[in-house]
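entry_3.cif (mmCIF, C-alpha atoms and all ligand atoms) appears below.
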data_query
#
loop_
_atom_site.label_atom_id
_atom_site.label_comp_id
_atom_site.auth_asym_id
_atom_site.auth_seq_id
_atom_site.Cartn_x
_atom_site.Cartn_y
_atom_site.Cartn_z
CA MET A 15 -60.92 24.97 -14.52
CA LYS A 16 -61.58 26.53 -11.13
CA LYS A 17 -58.47 27.93 -9.47
CA ILE A 18 -57.14 29.16 -6.14
CA VAL A 19 -53.94 31.22 -6.21
CA LEU A 20 -51.89 31.28 -3.01
CA LEU A 21 -49.48 34.17 -2.54
CA ARG A 22 -47.04 34.86 0.30
CA HIS A 23 -46.70 38.62 0.92
CA GLY A 24 -43.72 40.62 -0.44
CA GLU A 25 -40.57 41.10 1.63
CA SER A 26 -41.35 42.58 5.07
CA ALA A 27 -39.06 44.72 7.25
CA TRP A 28 -38.38 41.72 9.47
CA ASN A 29 -37.83 39.35 6.51
CA LYS A 30 -35.12 41.80 5.48
CA GLU A 31 -33.62 41.84 8.99
CA ASN A 32 -34.03 38.04 9.20
CA ARG A 33 -36.13 38.19 12.37
CA PHE A 34 -38.88 35.78 13.46
CA THR A 35 -42.09 37.70 12.77
CA GLY A 36 -45.19 35.58 13.44
CA TRP A 37 -48.05 37.83 14.60
CA THR A 38 -45.88 40.99 14.76
CA ASP A 39 -47.48 43.52 12.43
CA VAL A 40 -44.49 44.75 10.41
CA ASP A 41 -44.74 46.62 7.12
CA LEU A 42 -43.48 45.75 3.63
CA THR A 43 -40.08 47.05 2.54
CA GLU A 44 -39.75 48.95 -0.76
CA LYS A 45 -38.53 45.70 -2.29
CA GLY A 46 -41.60 43.97 -0.84
CA VAL A 47 -43.92 46.49 -2.52
CA ALA A 48 -42.07 46.00 -5.83
CA GLU A 49 -42.37 42.20 -5.45
CA ALA A 50 -46.11 42.52 -4.80
CA GLU A 51 -46.54 44.75 -7.86
CA LYS A 52 -44.59 42.29 -9.98
CA ALA A 53 -46.84 39.45 -8.76
CA GLY A 54 -49.88 41.50 -9.83
CA GLU A 55 -48.37 42.16 -13.25
CA THR A 56 -47.51 38.48 -13.70
CA LEU A 57 -51.02 37.38 -12.74
CA LYS A 58 -52.46 39.91 -15.20
CA GLU A 59 -50.14 38.74 -17.99
CA TYR A 60 -51.28 35.15 -17.42
CA GLY A 61 -54.91 36.30 -17.71
CA PHE A 62 -56.04 35.71 -14.11
CA ASN A 63 -59.28 37.41 -13.09
CA PHE A 64 -60.24 36.92 -9.43
CA ASP A 65 -63.81 36.78 -8.15
CA LYS A 66 -62.86 37.23 -4.50
CA ALA A 67 -59.75 37.56 -2.33
CA TYR A 68 -58.86 36.55 1.21
CA THR A 69 -56.11 37.77 3.48
CA SER A 70 -54.96 37.93 7.11
CA TYR A 71 -55.20 40.72 9.71
CA LEU A 72 -51.49 41.56 9.20
CA LYS A 73 -50.52 44.57 7.08
CA ARG A 74 -47.74 42.87 5.11
CA ALA A 75 -50.37 40.56 3.61
CA VAL A 76 -53.12 43.18 3.32
CA LYS A 77 -50.81 45.64 1.53
CA THR A 78 -49.51 42.94 -0.80
CA LEU A 79 -53.09 42.08 -1.73
CA ASN A 80 -53.87 45.76 -2.39
CA CYS A 81 -50.81 46.12 -4.65
CA VAL A 82 -51.76 42.99 -6.60
CA LEU A 83 -55.38 44.06 -7.08
CA ASP A 84 -54.29 47.57 -8.09
CA LYS A 85 -51.95 46.21 -10.79
CA MET A 86 -54.75 43.98 -12.07
CA ASN A 87 -57.46 46.70 -12.00
CA LEU A 88 -59.37 44.48 -9.60
CA ASP A 89 -59.52 46.88 -6.64
CA TRP A 90 -63.31 46.47 -6.68
CA ILE A 91 -63.57 42.74 -5.91
CA PRO A 92 -64.82 41.57 -2.50
CA VAL A 93 -62.02 41.04 0.01
CA GLU A 94 -62.40 39.13 3.26
CA LYS A 95 -59.88 39.35 6.08
CA SER A 96 -59.54 36.77 8.81
CA TRP A 97 -57.23 36.40 11.81
CA ARG A 98 -57.28 32.69 10.95
CA LEU A 99 -55.00 33.38 7.96
CA ASN A 100 -52.36 35.07 10.16
CA GLU A 101 -48.82 33.70 10.19
CA LYS A 102 -47.88 30.87 12.59
CA HIS A 103 -47.44 32.48 16.01
CA TYR A 104 -43.71 32.28 16.78
CA GLY A 105 -44.08 32.75 20.57
CA GLU A 106 -40.97 33.92 22.43
CA LEU A 107 -38.92 33.81 19.21
CA GLN A 108 -40.76 36.81 17.72
CA GLY A 109 -38.27 39.63 17.17
CA LEU A 110 -35.14 37.45 17.41
CA ASN A 111 -32.71 37.21 14.49
CA LYS A 112 -32.89 33.71 12.94
CA ALA A 113 -29.13 33.34 12.27
CA GLU A 114 -28.23 34.57 15.78
CA THR A 115 -30.77 32.12 17.22
CA ALA A 116 -29.03 29.35 15.25
CA GLU A 117 -25.64 30.45 16.72
CA LYS A 118 -27.13 30.29 20.22
CA TYR A 119 -29.30 27.16 20.09
CA GLY A 120 -27.93 25.35 17.01
CA GLU A 121 -29.24 25.03 13.46
CA GLU A 122 -31.05 21.76 14.24
CA GLN A 123 -33.09 23.39 16.98
CA VAL A 124 -33.96 26.36 14.76
CA LEU A 125 -35.06 23.95 12.02
CA VAL A 126 -37.35 22.25 14.55
CA TRP A 127 -38.86 25.59 15.59
CA ARG A 128 -39.28 26.77 11.99
CA ARG A 129 -40.30 23.65 10.14
CA SER A 130 -41.27 20.73 12.41
CA TYR A 131 -44.93 19.78 12.19
CA ASP A 132 -45.95 19.62 15.83
CA ILE A 133 -43.30 21.35 17.97
CA ALA A 134 -43.99 24.96 18.96
CA PRO A 135 -41.47 27.55 20.25
CA HIS A 136 -41.76 28.68 23.90
CA PRO A 137 -45.02 30.62 24.43
CA LEU A 138 -45.32 34.30 25.28
CA SER A 139 -46.16 34.87 28.93
CA GLU A 140 -49.64 36.10 29.86
CA SER A 141 -48.28 39.54 30.82
CA ASP A 142 -46.11 39.96 27.71
CA LEU A 143 -47.41 42.99 25.82
CA ARG A 144 -46.99 41.07 22.55
CA ASN A 145 -49.67 38.63 23.76
CA PRO A 146 -52.54 38.89 21.22
CA ARG A 147 -55.04 39.24 24.06
CA PHE A 148 -53.86 42.87 24.39
CA ASP A 149 -54.46 43.66 20.70
CA TYR A 150 -57.88 45.18 19.98
CA ARG A 151 -58.04 43.70 16.49
CA TYR A 152 -58.61 40.28 18.04
CA HIS A 153 -61.24 41.38 20.55
CA GLU A 154 -63.94 39.23 18.95
CA VAL A 155 -61.81 36.08 19.11
CA PRO A 156 -62.40 33.99 22.28
CA ASP A 157 -59.28 34.15 24.42
CA ALA A 158 -58.93 30.37 24.43
CA GLU A 159 -58.49 30.47 20.64
CA LEU A 160 -55.81 33.18 20.65
CA PRO A 161 -52.33 31.63 20.45
CA ARG A 162 -49.29 32.46 22.60
CA THR A 163 -47.20 30.22 20.33
CA GLU A 164 -47.99 27.69 17.60
CA SER A 165 -46.63 24.66 15.80
CA LEU A 166 -47.58 24.19 12.15
CA LYS A 167 -50.17 21.67 13.38
CA ASP A 168 -51.75 24.33 15.63
CA THR A 169 -51.69 26.81 12.74
CA ILE A 170 -53.47 24.34 10.45
CA GLU A 171 -56.06 23.61 13.15
CA ARG A 172 -57.00 27.29 13.39
CA ILE A 173 -56.99 27.89 9.62
CA MET A 174 -59.07 24.86 8.63
CA PRO A 175 -62.44 25.92 10.13
CA TYR A 176 -62.27 29.08 7.99
CA TRP A 177 -60.98 27.22 4.94
CA GLU A 178 -63.81 24.69 5.18
CA SER A 179 -66.59 27.17 5.99
CA ASP A 180 -65.67 30.16 3.79
CA ILE A 181 -62.80 29.92 1.32
CA PHE A 182 -63.24 26.48 -0.21
CA PRO A 183 -67.08 26.52 -0.46
CA SER A 184 -66.96 29.83 -2.33
CA LEU A 185 -65.31 27.93 -5.22
CA LYS A 186 -68.76 26.45 -5.91
CA THR A 187 -69.91 29.79 -7.35
CA ALA A 188 -66.62 31.61 -7.94
CA HIS A 189 -64.23 30.68 -10.70
CA THR A 190 -60.90 31.96 -9.35
CA LEU A 191 -59.92 32.96 -5.81
CA LEU A 192 -56.83 34.66 -4.39
CA VAL A 193 -55.45 34.00 -0.91
CA VAL A 194 -52.65 36.31 0.25
CA ALA A 195 -51.08 35.14 3.49
CA HIS A 196 -47.79 34.00 5.03
CA GLY A 197 -44.98 31.46 4.69
CA ASN A 198 -46.35 29.07 7.29
CA SER A 199 -50.09 29.71 7.10
CA LEU A 200 -49.79 28.91 3.38
CA ARG A 201 -47.59 25.86 4.06
CA GLY A 202 -50.49 24.63 6.19
CA ILE A 203 -53.00 25.12 3.38
CA ILE A 204 -50.64 23.48 0.84
CA LYS A 205 -50.11 20.51 3.20
CA HIS A 206 -53.88 20.08 3.33
CA LEU A 207 -54.45 20.49 -0.44
CA LYS A 208 -51.61 18.19 -1.51
CA ASN A 209 -51.90 15.77 1.38
CA ILE A 210 -48.20 16.22 2.20
CA SER A 211 -46.93 14.08 5.10
CA ASP A 212 -45.82 15.56 8.42
CA GLU A 213 -42.22 14.59 7.51
CA ASP A 214 -42.19 16.00 3.98
CA ILE A 215 -43.73 19.37 4.87
CA VAL A 216 -40.43 20.20 6.66
CA LYS A 217 -38.81 20.64 3.23
CA LEU A 218 -41.31 23.14 1.80
CA ASN A 219 -40.11 26.77 1.86
CA LEU A 220 -42.22 29.46 0.22
CA PRO A 221 -40.56 32.48 -1.40
CA THR A 222 -42.13 35.93 -1.04
CA ALA A 223 -44.66 37.08 -3.68
CA VAL A 224 -44.45 34.14 -6.11
CA PRO A 225 -47.99 33.10 -7.15
CA TYR A 226 -48.74 29.41 -6.52
CA VAL A 227 -51.69 28.20 -8.60
CA PHE A 228 -53.98 25.28 -7.69
CA GLU A 229 -56.40 24.01 -10.35
CA PHE A 230 -59.46 21.96 -9.41
CA ASP A 231 -61.48 19.43 -11.45
CA GLU A 232 -65.30 19.39 -11.59
CA ASN A 233 -65.41 17.51 -8.24
CA LEU A 234 -63.19 20.20 -6.71
CA ASN A 235 -60.27 17.81 -6.31
CA VAL A 236 -56.80 19.23 -6.97
CA ALA A 237 -55.93 18.52 -10.60
CA ASN A 238 -52.73 20.49 -10.98
CA ASP A 239 -50.48 22.88 -9.07
CA TYR A 240 -47.64 25.12 -10.25
CA PHE A 241 -45.72 28.31 -9.42
CA LEU A 242 -45.84 31.19 -11.90
CA GLY A 243 -42.29 32.12 -12.82
CA ASN A 244 -38.90 30.76 -13.78
CA PRO A 245 -38.42 27.36 -12.01
CA GLU A 246 -34.65 27.88 -11.56
CA GLU A 247 -35.15 31.30 -9.97
CA ILE A 248 -37.94 29.98 -7.73
CA LYS A 249 -35.72 27.09 -6.60
CA LYS A 250 -33.00 29.58 -5.60
CA LEU A 251 -35.51 31.75 -3.72
CA MET A 252 -36.77 28.67 -1.83
CA GLU A 253 -33.21 27.70 -0.89
CA ALA A 254 -32.59 31.24 0.37
CA VAL A 255 -35.65 30.97 2.64
CA ALA A 256 -34.41 27.60 3.97
CA ASN A 257 -30.97 29.13 4.66
CA GLN A 258 -32.40 31.95 6.79
CA GLY A 259 -32.23 29.57 9.74
CA LYS A 260 -28.50 28.84 9.30
CA LYS A 261 -25.60 30.42 11.22
CA LYS A 262 -24.02 33.49 9.59
C1 LIG B 301 -42.06 34.48 8.55
C2 LIG B 301 -41.78 33.06 8.17
O1 LIG B 301 -43.39 34.73 8.23
O2 LIG B 301 -40.61 32.68 8.70
O3 LIG B 301 -42.89 34.68 10.80
O4 LIG B 301 -40.74 34.98 10.49
O5 LIG B 301 -44.26 34.68 5.89
O6 LIG B 301 -45.11 36.35 7.50
O7 LIG B 301 -42.74 36.51 6.61
P1 LIG B 301 -43.89 35.63 7.01
C3 LIG B 301 -41.87 34.72 10.07
P2 LIG B 301 -39.97 31.23 8.58
O8 LIG B 301 -40.94 30.24 9.11
O9 LIG B 301 -39.64 31.02 7.10
O10 LIG B 301 -38.73 31.33 9.43
#
Could I get this structure in the form of structure tokens?
Amino acid sequence: MKKIVLLRHGESAWNKENRFTGWTDVDLTEKGVAEAEKAGETLKEYGFNFDKAYTSYLKRAVKTLNCVLDKMNLDWIPVEKSWRLNEKHYGELQGLNKAETAEKYGEEQVLVWRRSYDIAPHPLSESDLRNPRFDYRYHEVPDAELPRTESLKDTIERIMPYWESDIFPSLKTAHTLLVVAHGNSLRGIIKHLKNISDEDIVKLNLPTAVPYVFEFDENLNVANDYFLGNPEEIKKLMEAVANQGKKK
């Protein structure tokens, strides 16, 4: 069966500090590197062999992918990076501590900003130096397409053109693909693949560096999906991600 494996990057410096990250280009922590290496070892143990890999323009995802491929002796495979796989842009929230934000604005509001389908945080101003228009890596992206904030809906709308034109069609010739990205950009892809409703997607929380496998039938419809790892442990990791938006 053809497969696509989705993988959120390992723990980043701002995951550790519990800060909204979005398009901020923070590095992996030591734990994050170890998590990425473990994901590579697990994928190797299960006999995965990727034809091609995709990742974002953000180093926490790129470095996770490199660690995984290194552990699998697959450093040689083609890798494509796209800004369209970047994390949801968290607007003005980027850099703020999630628990402190819950103290200030309430847990309900933080849940809306983190998990609602179509409500975006306040946008960055045009002059804010964090505005992606000032970042050379996006110089080929038309300004109108560069976000200042995003809801999950906006994130899905910018991922899908790339998913439909590049990633998914390559399954016609490839057997197994790897996509290393972010909590919310992957939630968007999972919503699309599993046809999850706008209401139910609120409950999905992705742990760092746990491979999520999608299997496709001969018509390239999803036949099966499962995480690699101990279900009890994965459940706890998902709860911990959900709790990051609670007061201390
Ligand atoms: C996190 C996700 O993105 O945060 O932007 O803060 O996956 O790149 O670490 P990632 C961020 P939540 O939506 O879970 O708060």
* **Residues within 8 Å of ligand LIG 301 (chain B), counting only C-alpha atoms and all ligand atoms, as a PyMOL selection string** => chain A and resi 22-23+25-26+28-29+32-37+74-75+100-104+108+112+128-129+195-199+219-220+222+255-256+258-259
Counting all atoms listed in the file, which residues in segment 147-254 of chain A sit no more than 12 Å from segment 81-86 of chain A? For each one, give the nearest pair of atoms and the distance in Å, sorted by chain then residue number, as CSV.
residue,atom,partner,partner_atom,distance
A:Leu192,CA,A:Leu83,CA,9.9
A:Val193,CA,A:Val82,CA,11.3
A:Val194,CA,A:Val82,CA,9.6
A:Ala223,CA,A:Val82,CA,9.7
A:Val224,CA,A:Val82,CA,11.5
A:Pro225,CA,A:Val82,CA,10.6
* Structure fact -> Between A:Leu79, A:Asn111, A:Ser70, A:Leu143, smallest distance to Leu200 of chain A by all atoms listed in the file belongs to A:Ser70
* Asked: From the list A:Gly243, A:Gly120, A:Gly54, A:Gly109, which residue is nearest Leu88 of chain A when using all atoms listed in the file?
  ->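 Closest residue, counting all atoms listed in the file: A:Gly54.
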* Polymer residues at most 9 Å from segment 229-240 of chain A, only C-alpha atoms, same-chain spacing of 6 or more positions, as an MDAnalysis selection string -> chainID A and resid 15:19 185:186 207:208
* Nearest to Gly202 of chain A, chosen from A:Asp89, A:Glu178, A:Asp142, A:Asp168, with all atoms listed in the file counted in the distances ->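 Under the stated criterion, the closest residue is A:Asp168.
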* Straight-line distance linking atom CA of Arg98 of chain A with atom CA of Leu251 of chain A, stated in Å to one decimal ->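 Going from atom CA of Arg98 of chain A over to atom CA of Leu251 of chain A covers 26.3 Å.
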* To do: Could you tell me how far atom CA of Met174 of chain A lies from atom CA of Ser211 of chain A, in Å and to one decimal?
  =>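 Rounded to one decimal, the two atoms are 16.6 Å apart.
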* To do: Find, counting all atoms listed in the file, the residue in A:Lys167, A:Thr115, A:Arg201, A:Glu106 that gets nearest to Asn145 of chain A.
  => A:Glu106
Provide an axis-aligned box for all listed atoms of segment 196-202 of chain A, padding each side by 6 Å; report its centre and its edge lengths in Å to one decimal, as JSON.
{"center_x": -47.7, "center_y": 29.3, "center_z": 5.3, "size_x": 17.5, "size_y": 21.4, "size_z": 15.9}
* **For Glu31 of chain A, the nearest of the candidates A:Ile91, A:Leu138, A:Leu57, A:Ala113, counting all atoms listed in the file** => A:Ala113
